[in-house]
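Asks: Quick one, final-v2.pdb (PDB, N, CA and C atoms):
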```pdb
ATOM      1  N   MET A  29      32.672 -42.735   8.370  1.00  0.00           N
ATOM      2  CA  MET A  29      32.670 -41.392   7.839  1.00  0.00           C
ATOM      3  C   MET A  29      31.248 -40.945   7.486  1.00  0.00           C
ATOM      4  N   LYS A  30      30.463 -41.889   6.955  1.00  0.00           N
ATOM      5  CA  LYS A  30      29.091 -41.560   6.597  1.00  0.00           C
ATOM      6  C   LYS A  30      28.265 -41.234   7.830  1.00  0.00           C
ATOM      7  N   LYS A  31      28.557 -41.881   8.968  1.00  0.00           N
ATOM      8  CA  LYS A  31      27.811 -41.619  10.195  1.00  0.00           C
ATOM      9  C   LYS A  31      28.088 -40.201  10.695  1.00  0.00           C
ATOM     10  N   ILE A  32      29.316 -39.757  10.613  1.00  0.00           N
ATOM     11  CA  ILE A  32      29.690 -38.423  11.082  1.00  0.00           C
ATOM     12  C   ILE A  32      29.007 -37.362  10.224  1.00  0.00           C
ATOM     13  N   VAL A  33      28.974 -37.575   8.915  1.00  0.00           N
ATOM     14  CA  VAL A  33      28.333 -36.631   8.003  1.00  0.00           C
ATOM     15  C   VAL A  33      26.831 -36.603   8.279  1.00  0.00           C
ATOM     16  N   LYS A  34      26.243 -37.761   8.529  1.00  0.00           N
ATOM     17  CA  LYS A  34      24.817 -37.853   8.800  1.00  0.00           C
ATOM     18  C   LYS A  34      24.476 -37.144  10.123  1.00  0.00           C
ATOM     19  N   ILE A  35      25.283 -37.331  11.159  1.00  0.00           N
ATOM     20  CA  ILE A  35      25.060 -36.691  12.456  1.00  0.00           C
ATOM     21  C   ILE A  35      25.230 -35.179  12.324  1.00  0.00           C
ATOM     22  N   PHE A  36      26.257 -34.749  11.601  1.00  0.00           N
ATOM     23  CA  PHE A  36      26.481 -33.320  11.396  1.00  0.00           C
ATOM     24  C   PHE A  36      25.311 -32.700  10.634  1.00  0.00           C
ATOM     25  N   PHE A  37      24.786 -33.391   9.638  1.00  0.00           N
ATOM     26  CA  PHE A  37      23.658 -32.906   8.850  1.00  0.00           C
ATOM     27  C   PHE A  37      22.405 -32.782   9.722  1.00  0.00           C
ATOM     28  N   ILE A  38      22.143 -33.765  10.558  1.00  0.00           N
ATOM     29  CA  ILE A  38      20.977 -33.733  11.443  1.00  0.00           C
ATOM     30  C   ILE A  38      21.116 -32.606  12.467  1.00  0.00           C
ATOM     31  N   LEU A  39      22.295 -32.425  13.032  1.00  0.00           N
ATOM     32  CA  LEU A  39      22.521 -31.353  13.994  1.00  0.00           C
ATOM     33  C   LEU A  39      22.353 -29.977  13.352  1.00  0.00           C
ATOM     34  N   SER A  40      22.830 -29.815  12.143  1.00  0.00           N
ATOM     35  CA  SER A  40      22.701 -28.522  11.466  1.00  0.00           C
ATOM     36  C   SER A  40      21.223 -28.209  11.168  1.00  0.00           C
ATOM     37  N   ILE A  41      20.440 -29.223  10.821  1.00  0.00           N
ATOM     38  CA  ILE A  41      19.004 -29.018  10.597  1.00  0.00           C
ATOM     39  C   ILE A  41      18.321 -28.637  11.909  1.00  0.00           C
ATOM     40  N   CYS A  42      18.668 -29.283  12.997  1.00  0.00           N
ATOM     41  CA  CYS A  42      18.081 -28.967  14.307  1.00  0.00           C
ATOM     42  C   CYS A  42      18.410 -27.536  14.732  1.00  0.00           C
ATOM     43  N   VAL A  43      19.644 -27.129  14.513  1.00  0.00           N
ATOM     44  CA  VAL A  43      20.051 -25.768  14.873  1.00  0.00           C
ATOM     45  C   VAL A  43      19.301 -24.750  14.027  1.00  0.00           C
ATOM     46  N   THR A  44      19.149 -25.047  12.745  1.00  0.00           N
ATOM     47  CA  THR A  44      18.433 -24.134  11.850  1.00  0.00           C
ATOM     48  C   THR A  44      16.973 -24.000  12.258  1.00  0.00           C
ATOM     49  N   ILE A  45      16.329 -25.095  12.581  1.00  0.00           N
ATOM     50  CA  ILE A  45      14.921 -25.071  12.982  1.00  0.00           C
ATOM     51  C   ILE A  45      14.753 -24.361  14.330  1.00  0.00           C
ATOM     52  N   SER A  46      15.633 -24.647  15.273  1.00  0.00           N
ATOM     53  CA  SER A  46      15.502 -24.041  16.599  1.00  0.00           C
ATOM     54  C   SER A  46      15.784 -22.533  16.567  1.00  0.00           C
ATOM     55  N   SER A  47      16.622 -22.080  15.652  1.00  0.00           N
ATOM     56  CA  SER A  47      16.892 -20.645  15.570  1.00  0.00           C
ATOM     57  C   SER A  47      15.743 -19.910  14.888  1.00  0.00           C
ATOM     58  N   ALA A  48      14.932 -20.605  14.126  1.00  0.00           N
ATOM     59  CA  ALA A  48      13.810 -19.984  13.433  1.00  0.00           C
ATOM     60  C   ALA A  48      12.602 -19.818  14.359  1.00  0.00           C
ATOM     61  N   ILE A  49      12.558 -20.572  15.451  1.00  0.00           N
ATOM     62  CA  ILE A  49      11.443 -20.483  16.391  1.00  0.00           C
ATOM     63  C   ILE A  49      11.670 -19.301  17.320  1.00  0.00           C
ATOM     64  N   ASP A  50      10.681 -18.397  17.390  1.00  0.00           N
ATOM     65  CA  ASP A  50      10.770 -17.210  18.225  1.00  0.00           C
ATOM     66  C   ASP A  50      10.030 -17.478  19.533  1.00  0.00           C
ATOM     67  N   ILE A  51      10.753 -17.432  20.639  1.00  0.00           N
ATOM     68  CA  ILE A  51      10.170 -17.682  21.954  1.00  0.00           C
ATOM     69  C   ILE A  51      10.328 -16.424  22.791  1.00  0.00           C
ATOM     70  N   GLU A  52       9.217 -15.924  23.327  1.00  0.00           N
ATOM     71  CA  GLU A  52       9.268 -14.760  24.195  1.00  0.00           C
ATOM     72  C   GLU A  52       9.287 -15.218  25.645  1.00  0.00           C
ATOM     73  N   VAL A  53      10.167 -14.611  26.410  1.00  0.00           N
ATOM     74  CA  VAL A  53      10.308 -14.958  27.816  1.00  0.00           C
ATOM     75  C   VAL A  53      10.033 -13.701  28.632  1.00  0.00           C
ATOM     76  N   PHE A  54       9.151 -13.811  29.635  1.00  0.00           N
ATOM     77  CA  PHE A  54       8.817 -12.700  30.503  1.00  0.00           C
ATOM     78  C   PHE A  54       9.134 -13.068  31.942  1.00  0.00           C
ATOM     79  N   ALA A  55       9.688 -12.107  32.660  1.00  0.00           N
ATOM     80  CA  ALA A  55       9.932 -12.312  34.089  1.00  0.00           C
ATOM     81  C   ALA A  55       8.659 -11.951  34.845  1.00  0.00           C
ATOM     82  N   TYR A  56       8.298 -12.751  35.816  1.00  0.00           N
ATOM     83  CA  TYR A  56       7.103 -12.504  36.608  1.00  0.00           C
ATOM     84  C   TYR A  56       7.502 -11.883  37.938  1.00  0.00           C
ATOM     85  N   ALA A  57       6.995 -10.705  38.195  1.00  0.00           N
ATOM     86  CA  ALA A  57       7.218 -10.049  39.481  1.00  0.00           C
ATOM     87  C   ALA A  57       5.866  -9.591  40.004  1.00  0.00           C
ATOM     88  N   PRO A  58       5.428 -10.132  41.121  1.00  0.00           N
ATOM     89  CA  PRO A  58       4.116  -9.740  41.644  1.00  0.00           C
ATOM     90  C   PRO A  58       4.126  -8.276  42.088  1.00  0.00           C
ATOM     91  N   SER A  59       3.043  -7.597  41.867  1.00  0.00           N
ATOM     92  CA  SER A  59       2.947  -6.203  42.286  1.00  0.00           C
ATOM     93  C   SER A  59       2.143  -6.136  43.579  1.00  0.00           C
ATOM     94  N   TYR A  60       2.616  -5.312  44.458  1.00  0.00           N
ATOM     95  CA  TYR A  60       1.947  -5.141  45.740  1.00  0.00           C
ATOM     96  C   TYR A  60       1.472  -3.702  45.854  1.00  0.00           C
ATOM     97  N   ASP A  61       0.229  -3.520  46.222  1.00  0.00           N
ATOM     98  CA  ASP A  61      -0.305  -2.188  46.459  1.00  0.00           C
ATOM     99  C   ASP A  61      -0.162  -1.879  47.942  1.00  0.00           C
ATOM    100  N   ILE A  62       0.712  -0.934  48.251  1.00  0.00           N
ATOM    101  CA  ILE A  62       0.942  -0.557  49.640  1.00  0.00           C
ATOM    102  C   ILE A  62       0.119   0.685  49.925  1.00  0.00           C
ATOM    103  N   LYS A  63      -0.775   0.578  50.870  1.00  0.00           N
ATOM    104  CA  LYS A  63      -1.611   1.701  51.257  1.00  0.00           C
ATOM    105  C   LYS A  63      -1.116   2.249  52.585  1.00  0.00           C
ATOM    106  N   ALA A  64      -1.512   3.451  52.890  1.00  0.00           N
ATOM    107  CA  ALA A  64      -1.002   4.122  54.090  1.00  0.00           C
ATOM    108  C   ALA A  64      -1.354   3.359  55.368  1.00  0.00           C
ATOM    109  N   GLY A  65      -2.482   2.692  55.424  1.00  0.00           N
ATOM    110  CA  GLY A  65      -2.891   2.018  56.648  1.00  0.00           C
ATOM    111  C   GLY A  65      -2.442   0.576  56.737  1.00  0.00           C
ATOM    112  N   ASP A  66      -1.743   0.077  55.720  1.00  0.00           N
ATOM    113  CA  ASP A  66      -1.368  -1.335  55.699  1.00  0.00           C
ATOM    114  C   ASP A  66      -0.095  -1.649  56.464  1.00  0.00           C
ATOM    115  N   TYR A  67       0.661  -0.651  56.868  1.00  0.00           N
ATOM    116  CA  TYR A  67       1.912  -0.930  57.546  1.00  0.00           C
ATOM    117  C   TYR A  67       2.094   0.066  58.686  1.00  0.00           C
ATOM    118  N   SER A  68       2.962  -0.279  59.591  1.00  0.00           N
ATOM    119  CA  SER A  68       3.316   0.644  60.660  1.00  0.00           C
ATOM    120  C   SER A  68       4.837   0.701  60.744  1.00  0.00           C
ATOM    121  N   PRO A  69       5.397   1.864  61.025  1.00  0.00           N
ATOM    122  CA  PRO A  69       6.855   1.964  61.084  1.00  0.00           C
ATOM    123  C   PRO A  69       7.396   1.196  62.280  1.00  0.00           C
ATOM    124  N   LEU A  70       8.634   0.753  62.170  1.00  0.00           N
ATOM    125  CA  LEU A  70       9.252   0.005  63.259  1.00  0.00           C
ATOM    126  C   LEU A  70       9.687   0.923  64.396  1.00  0.00           C
ATOM    127  N   SER A  71       9.979   2.162  64.080  1.00  0.00           N
ATOM    128  CA  SER A  71      10.349   3.105  65.125  1.00  0.00           C
ATOM    129  C   SER A  71       9.397   4.293  65.087  1.00  0.00           C
ATOM    130  N   ASP A  72       9.349   5.017  66.187  1.00  0.00           N
ATOM    131  CA  ASP A  72       8.458   6.170  66.277  1.00  0.00           C
ATOM    132  C   ASP A  72       8.945   7.293  65.364  1.00  0.00           C
ATOM    133  N   ILE A  73       8.005   8.060  64.845  1.00  0.00           N
ATOM    134  CA  ILE A  73       8.334   9.225  64.037  1.00  0.00           C
ATOM    135  C   ILE A  73       8.377  10.422  64.974  1.00  0.00           C
ATOM    136  N   ILE A  74       9.567  11.022  65.092  1.00  0.00           N
ATOM    137  CA  ILE A  74       9.773  12.127  66.025  1.00  0.00           C
ATOM    138  C   ILE A  74      10.191  13.357  65.232  1.00  0.00           C
ATOM    139  N   GLU A  75       9.529  14.489  65.523  1.00  0.00           N
ATOM    140  CA  GLU A  75       9.817  15.740  64.834  1.00  0.00           C
ATOM    141  C   GLU A  75      10.122  16.833  65.853  1.00  0.00           C
ATOM    142  N   TRP A  76      10.821  17.844  65.381  1.00  0.00           N
ATOM    143  CA  TRP A  76      11.014  19.041  66.181  1.00  0.00           C
ATOM    144  C   TRP A  76       9.890  20.005  65.857  1.00  0.00           C
ATOM    145  N   ARG A  77       9.273  20.588  66.879  1.00  0.00           N
ATOM    146  CA  ARG A  77       8.243  21.613  66.712  1.00  0.00           C
ATOM    147  C   ARG A  77       8.803  22.924  67.260  1.00  0.00           C
ATOM    148  N   TYR A  78       8.461  24.020  66.624  1.00  0.00           N
ATOM    149  CA  TYR A  78       8.999  25.324  66.987  1.00  0.00           C
ATOM    150  C   TYR A  78       7.863  26.293  67.308  1.00  0.00           C
ATOM    151  N   LYS A  79       8.152  27.240  68.222  1.00  0.00           N
ATOM    152  CA  LYS A  79       7.209  28.316  68.494  1.00  0.00           C
ATOM    153  C   LYS A  79       7.992  29.541  68.957  1.00  0.00           C
ATOM    154  N   THR A  80       7.384  30.693  68.771  1.00  0.00           N
ATOM    155  CA  THR A  80       8.016  31.953  69.150  1.00  0.00           C
ATOM    156  C   THR A  80       7.237  32.572  70.307  1.00  0.00           C
ATOM    157  N   ILE A  81       7.956  32.917  71.385  1.00  0.00           N
ATOM    158  CA  ILE A  81       7.375  33.597  72.541  1.00  0.00           C
ATOM    159  C   ILE A  81       8.236  34.831  72.804  1.00  0.00           C
ATOM    160  N   ASN A  82       7.621  36.010  72.768  1.00  0.00           N
ATOM    161  CA  ASN A  82       8.337  37.278  72.999  1.00  0.00           C
ATOM    162  C   ASN A  82       9.549  37.423  72.070  1.00  0.00           C
ATOM    163  N   LYS A  83       9.371  37.103  70.813  1.00  0.00           N
ATOM    164  CA  LYS A  83      10.402  37.188  69.775  1.00  0.00           C
ATOM    165  C   LYS A  83      11.598  36.281  70.043  1.00  0.00           C
ATOM    166  N   LYS A  84      11.396  35.235  70.832  1.00  0.00           N
ATOM    167  CA  LYS A  84      12.446  34.235  71.089  1.00  0.00           C
ATOM    168  C   LYS A  84      11.936  32.895  70.573  1.00  0.00           C
ATOM    169  N   LEU A  85      12.816  32.155  69.913  1.00  0.00           N
ATOM    170  CA  LEU A  85      12.431  30.890  69.297  1.00  0.00           C
ATOM    171  C   LEU A  85      12.692  29.727  70.252  1.00  0.00           C
ATOM    172  N   TYR A  86      11.688  28.872  70.406  1.00  0.00           N
ATOM    173  CA  TYR A  86      11.785  27.691  71.260  1.00  0.00           C
ATOM    174  C   TYR A  86      11.536  26.442  70.412  1.00  0.00           C
ATOM    175  N   LYS A  87      12.113  25.322  70.858  1.00  0.00           N
ATOM    176  CA  LYS A  87      11.881  24.057  70.160  1.00  0.00           C
ATOM    177  C   LYS A  87      11.558  22.967  71.175  1.00  0.00           C
ATOM    178  N   ARG A  88      10.823  21.962  70.679  1.00  0.00           N
ATOM    179  CA  ARG A  88      10.436  20.817  71.513  1.00  0.00           C
ATOM    180  C   ARG A  88      10.187  19.634  70.600  1.00  0.00           C
ATOM    181  N   GLN A  89      10.533  18.436  71.052  1.00  0.00           N
ATOM    182  CA  GLN A  89      10.311  17.243  70.241  1.00  0.00           C
ATOM    183  C   GLN A  89       8.881  16.741  70.417  1.00  0.00           C
ATOM    184  N   TYR A  90       8.333  16.225  69.303  1.00  0.00           N
ATOM    185  CA  TYR A  90       6.970  15.705  69.313  1.00  0.00           C
ATOM    186  C   TYR A  90       6.971  14.313  68.679  1.00  0.00           C
ATOM    187  N   ASN A  91       6.378  13.347  69.373  1.00  0.00           N
ATOM    188  CA  ASN A  91       6.266  11.984  68.858  1.00  0.00           C
ATOM    189  C   ASN A  91       4.973  11.890  68.050  1.00  0.00           C
ATOM    190  N   CYS A  92       5.111  11.868  66.708  1.00  0.00           N
ATOM    191  CA  CYS A  92       3.931  11.845  65.835  1.00  0.00           C
ATOM    192  C   CYS A  92       3.218  10.498  65.879  1.00  0.00           C
ATOM    193  N   THR A  93       3.932   9.437  66.179  1.00  0.00           N
ATOM    194  CA  THR A  93       3.324   8.110  66.222  1.00  0.00           C
ATOM    195  C   THR A  93       2.370   7.981  67.404  1.00  0.00           C
ATOM    196  N   LYS A  94       2.792   8.479  68.560  1.00  0.00           N
ATOM    197  CA  LYS A  94       1.992   8.354  69.781  1.00  0.00           C
ATOM    198  C   LYS A  94       1.243   9.635  70.143  1.00  0.00           C
ATOM    199  N   ASP A  95       1.401  10.689  69.345  1.00  0.00           N
ATOM    200  CA  ASP A  95       0.766  11.992  69.591  1.00  0.00           C
ATOM    201  C   ASP A  95       1.066  12.503  70.990  1.00  0.00           C
ATOM    202  N   ARG A  96       2.356  12.553  71.332  1.00  0.00           N
ATOM    203  CA  ARG A  96       2.789  13.015  72.651  1.00  0.00           C
ATOM    204  C   ARG A  96       3.986  13.944  72.510  1.00  0.00           C
ATOM    205  N   TRP A  97       4.103  14.858  73.451  1.00  0.00           N
ATOM    206  CA  TRP A  97       5.274  15.713  73.525  1.00  0.00           C
ATOM    207  C   TRP A  97       6.396  14.984  74.247  1.00  0.00           C
ATOM    208  N   ILE A  98       7.630  15.284  73.859  1.00  0.00           N
ATOM    209  CA  ILE A  98       8.802  14.700  74.493  1.00  0.00           C
ATOM    210  C   ILE A  98       9.623  15.841  75.075  1.00  0.00           C
ATOM    211  N   GLY A  99       9.884  15.798  76.365  1.00  0.00           N
ATOM    212  CA  GLY A  99      10.682  16.837  77.008  1.00  0.00           C
ATOM    213  C   GLY A  99       9.926  18.134  77.178  1.00  0.00           C
ATOM    214  N   SER A 100      10.673  19.213  77.335  1.00  0.00           N
ATOM    215  CA  SER A 100      10.053  20.536  77.527  1.00  0.00           C
ATOM    216  C   SER A 100      10.602  21.500  76.481  1.00  0.00           C
ATOM    217  N   TRP A 101      10.006  22.696  76.433  1.00  0.00           N
ATOM    218  CA  TRP A 101      10.425  23.692  75.462  1.00  0.00           C
ATOM    219  C   TRP A 101      11.829  24.169  75.810  1.00  0.00           C
ATOM    220  N   GLU A 102      12.698  24.263  74.797  1.00  0.00           N
ATOM    221  CA  GLU A 102      14.072  24.695  74.977  1.00  0.00           C
ATOM    222  C   GLU A 102      14.296  25.970  74.151  1.00  0.00           C
ATOM    223  N   LEU A 103      14.959  26.921  74.741  1.00  0.00           N
ATOM    224  CA  LEU A 103      15.280  28.159  74.050  1.00  0.00           C
ATOM    225  C   LEU A 103      16.420  27.894  73.058  1.00  0.00           C
ATOM    226  N   ILE A 104      16.240  28.398  71.849  1.00  0.00           N
ATOM    227  CA  ILE A 104      17.293  28.246  70.838  1.00  0.00           C
ATOM    228  C   ILE A 104      18.131  29.518  70.870  1.00  0.00           C
ATOM    229  N   PRO A 105      19.418  29.412  71.207  1.00  0.00           N
ATOM    230  CA  PRO A 105      20.263  30.623  71.293  1.00  0.00           C
ATOM    231  C   PRO A 105      20.539  31.240  69.941  1.00  0.00           C
TER     232      PRO A 105
END
```
Any chance you could give the structure as structure tokens?
Replies:
Amino acid sequence: MKKIVKIFFILSICVTISSAIDIEVFAYAPSYDIKAGDYSPLSDIIEWRYKTINKKLYKRQYNCTKDRWIGSWELIP
């Protein structure tokens, strides 16, 4: 019986001491600076370009990645 009381007393002192110790924990996440020239897209960037001829609207696709036109001008009804 004395051993159980002694073990309980020692455990209670350990718990009291460990709860009094303040430990700060920080998560580490590396930061990466991504600049415009550090990466290239996996697919081409394609946009529609528009122009007006004789008050009629036309559209054509433009590949911004390769600086090329795609297809021909199409009249928009």
Asks: Do you have the atom N of A:Arg88-atom N of A:Ser100 distance handy?
Replies: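 Atom N of A:Ser100 lies at a distance of 7.2 Å from atom N of A:Arg88.
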Asks: Mind pulling up the distance from atom N of A:Asp72 to atom CA of A:Lys87?
Replies: 19.6 Å
Asks: Got a sec to tell me which of chain A DSSP assigns to strand (DSSP E or B), as an MDAnalysis selection string?
Replies: chainID A and resid 74:81 84:91 96:103
Asks: Store the residues of this selection in a file with N, CA and C atoms, as a compact mmCIF listing (two decimals), in the frame of the given file.
Replies:
```txt
# COMPACT_ATOMS: atom_id res chain seq x y z
N ILE A 74 9.57 11.02 65.09
CA ILE A 74 9.77 12.13 66.03
C ILE A 74 10.19 13.36 65.23
N GLU A 75 9.53 14.49 65.52
CA GLU A 75 9.82 15.74 64.83
C GLU A 75 10.12 16.83 65.85
N TRP A 76 10.82 17.84 65.38
CA TRP A 76 11.01 19.04 66.18
C TRP A 76 9.89 20.00 65.86
N ARG A 77 9.27 20.59 66.88
CA ARG A 77 8.24 21.61 66.71
C ARG A 77 8.80 22.92 67.26
N TYR A 78 8.46 24.02 66.62
CA TYR A 78 9.00 25.32 66.99
C TYR A 78 7.86 26.29 67.31
N LYS A 79 8.15 27.24 68.22
CA LYS A 79 7.21 28.32 68.49
C LYS A 79 7.99 29.54 68.96
N THR A 80 7.38 30.69 68.77
CA THR A 80 8.02 31.95 69.15
C THR A 80 7.24 32.57 70.31
N ILE A 81 7.96 32.92 71.39
CA ILE A 81 7.38 33.60 72.54
C ILE A 81 8.24 34.83 72.80
N LYS A 84 11.40 35.24 70.83
CA LYS A 84 12.45 34.24 71.09
C LYS A 84 11.94 32.90 70.57
N LEU A 85 12.82 32.16 69.91
CA LEU A 85 12.43 30.89 69.30
C LEU A 85 12.69 29.73 70.25
N TYR A 86 11.69 28.87 70.41
CA TYR A 86 11.78 27.69 71.26
C TYR A 86 11.54 26.44 70.41
N LYS A 87 12.11 25.32 70.86
CA LYS A 87 11.88 24.06 70.16
C LYS A 87 11.56 22.97 71.18
N ARG A 88 10.82 21.96 70.68
CA ARG A 88 10.44 20.82 71.51
C ARG A 88 10.19 19.63 70.60
N GLN A 89 10.53 18.44 71.05
CA GLN A 89 10.31 17.24 70.24
C GLN A 89 8.88 16.74 70.42
N TYR A 90 8.33 16.23 69.30
CA TYR A 90 6.97 15.70 69.31
C TYR A 90 6.97 14.31 68.68
N ASN A 91 6.38 13.35 69.37
CA ASN A 91 6.27 11.98 68.86
C ASN A 91 4.97 11.89 68.05
N ARG A 96 2.36 12.55 71.33
CA ARG A 96 2.79 13.02 72.65
C ARG A 96 3.99 13.94 72.51
N TRP A 97 4.10 14.86 73.45
CA TRP A 97 5.27 15.71 73.53
C TRP A 97 6.40 14.98 74.25
N ILE A 98 7.63 15.28 73.86
CA ILE A 98 8.80 14.70 74.49
C ILE A 98 9.62 15.84 75.08
N GLY A 99 9.88 15.80 76.36
CA GLY A 99 10.68 16.84 77.01
C GLY A 99 9.93 18.13 77.18
N SER A 100 10.67 19.21 77.33
CA SER A 100 10.05 20.54 77.53
C SER A 100 10.60 21.50 76.48
N TRP A 101 10.01 22.70 76.43
CA TRP A 101 10.42 23.69 75.46
C TRP A 101 11.83 24.17 75.81
N GLU A 102 12.70 24.26 74.80
CA GLU A 102 14.07 24.70 74.98
C GLU A 102 14.30 25.97 74.15
N LEU A 103 14.96 26.92 74.74
CA LEU A 103 15.28 28.16 74.05
C LEU A 103 16.42 27.89 73.06
```
Asks: What does the distance from atom CA of A:Ala57 to atom CA of A:Leu70 come to in Å, to one decimal?
Replies: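 Between atom CA of A:Ala57 and atom CA of A:Leu70 the gap works out to 25.9 Å.
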Asks: Could you give me the residues within chain A that DSSP places in alpha helix (DSSP H), as a VMD selection string?
Replies: chain A and resid 30 to 48
Asks: Could you write out that same residue set with N, CA and C atoms as a compact mmCIF listing (two decimals), in the frame of the given file?
Replies:
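The file below, selection-v1.txt, is the result:
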```txt
# COMPACT_ATOMS: atom_id res chain seq x y z
N LYS A 30 30.46 -41.89 6.96
CA LYS A 30 29.09 -41.56 6.60
C LYS A 30 28.26 -41.23 7.83
N LYS A 31 28.56 -41.88 8.97
CA LYS A 31 27.81 -41.62 10.20
C LYS A 31 28.09 -40.20 10.70
N ILE A 32 29.32 -39.76 10.61
CA ILE A 32 29.69 -38.42 11.08
C ILE A 32 29.01 -37.36 10.22
N VAL A 33 28.97 -37.58 8.91
CA VAL A 33 28.33 -36.63 8.00
C VAL A 33 26.83 -36.60 8.28
N LYS A 34 26.24 -37.76 8.53
CA LYS A 34 24.82 -37.85 8.80
C LYS A 34 24.48 -37.14 10.12
N ILE A 35 25.28 -37.33 11.16
CA ILE A 35 25.06 -36.69 12.46
C ILE A 35 25.23 -35.18 12.32
N PHE A 36 26.26 -34.75 11.60
CA PHE A 36 26.48 -33.32 11.40
C PHE A 36 25.31 -32.70 10.63
N PHE A 37 24.79 -33.39 9.64
CA PHE A 37 23.66 -32.91 8.85
C PHE A 37 22.40 -32.78 9.72
N ILE A 38 22.14 -33.76 10.56
CA ILE A 38 20.98 -33.73 11.44
C ILE A 38 21.12 -32.61 12.47
N LEU A 39 22.30 -32.42 13.03
CA LEU A 39 22.52 -31.35 13.99
C LEU A 39 22.35 -29.98 13.35
N SER A 40 22.83 -29.82 12.14
CA SER A 40 22.70 -28.52 11.47
C SER A 40 21.22 -28.21 11.17
N ILE A 41 20.44 -29.22 10.82
CA ILE A 41 19.00 -29.02 10.60
C ILE A 41 18.32 -28.64 11.91
N CYS A 42 18.67 -29.28 13.00
CA CYS A 42 18.08 -28.97 14.31
C CYS A 42 18.41 -27.54 14.73
N VAL A 43 19.64 -27.13 14.51
CA VAL A 43 20.05 -25.77 14.87
C VAL A 43 19.30 -24.75 14.03
N THR A 44 19.15 -25.05 12.74
CA THR A 44 18.43 -24.13 11.85
C THR A 44 16.97 -24.00 12.26
N ILE A 45 16.33 -25.10 12.58
CA ILE A 45 14.92 -25.07 12.98
C ILE A 45 14.75 -24.36 14.33
N SER A 46 15.63 -24.65 15.27
CA SER A 46 15.50 -24.04 16.60
C SER A 46 15.78 -22.53 16.57
N SER A 47 16.62 -22.08 15.65
CA SER A 47 16.89 -20.64 15.57
C SER A 47 15.74 -19.91 14.89
N ALA A 48 14.93 -20.60 14.13
CA ALA A 48 13.81 -19.98 13.43
C ALA A 48 12.60 -19.82 14.36
```
Asks: Write out as a PyMOL selection string which residues come within 10 Å of A:Gln89 when counting only C-alpha atoms, dropping same-chain ones fewer than 3 positions away.
Replies: chain A and resi 74-78+92+96-102
Asks: With only C-alpha atoms as the counted atoms, please give the residues lying no more than 12 Å from A:Ser71, apart from itself and same-chain residues fewer than 6 positions off, as an mmCIF file with N, CA and C atoms, keeping the file's coordinate frame.
Replies:
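To be explicit, this is the file written out as selection_32.cif:
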```
data_model
loop_
_atom_site.group_PDB
_atom_site.id
_atom_site.type_symbol
_atom_site.label_atom_id
_atom_site.label_comp_id
_atom_site.auth_asym_id
_atom_site.auth_seq_id
_atom_site.Cartn_x
_atom_site.Cartn_y
_atom_site.Cartn_z
ATOM 1 N N ASN A 91 6.378 13.347 69.373
ATOM 2 C CA ASN A 91 6.266 11.984 68.858
ATOM 3 C C ASN A 91 4.973 11.890 68.050
ATOM 4 N N CYS A 92 5.111 11.868 66.708
ATOM 5 C CA CYS A 92 3.931 11.845 65.835
ATOM 6 C C CYS A 92 3.218 10.498 65.879
ATOM 7 N N THR A 93 3.932 9.437 66.179
ATOM 8 C CA THR A 93 3.324 8.110 66.222
ATOM 9 C C THR A 93 2.370 7.981 67.404
ATOM 10 N N LYS A 94 2.792 8.479 68.560
ATOM 11 C CA LYS A 94 1.992 8.354 69.781
ATOM 12 C C LYS A 94 1.243 9.635 70.143
#
```
Asks: Give, as AutoDock Vina command-line options, the centre coordinates and the x, y and z edge lengths in Å to one decimal for an axis-aligned box around all listed atoms of stretch 37-44 of chain A, padded by 4 Å on each side.
Replies:
```
--center_x 20.9 --center_y -28.9 --center_z 11.9 --size_x 15.8 --size_y 17.8 --size_z 14.0
```
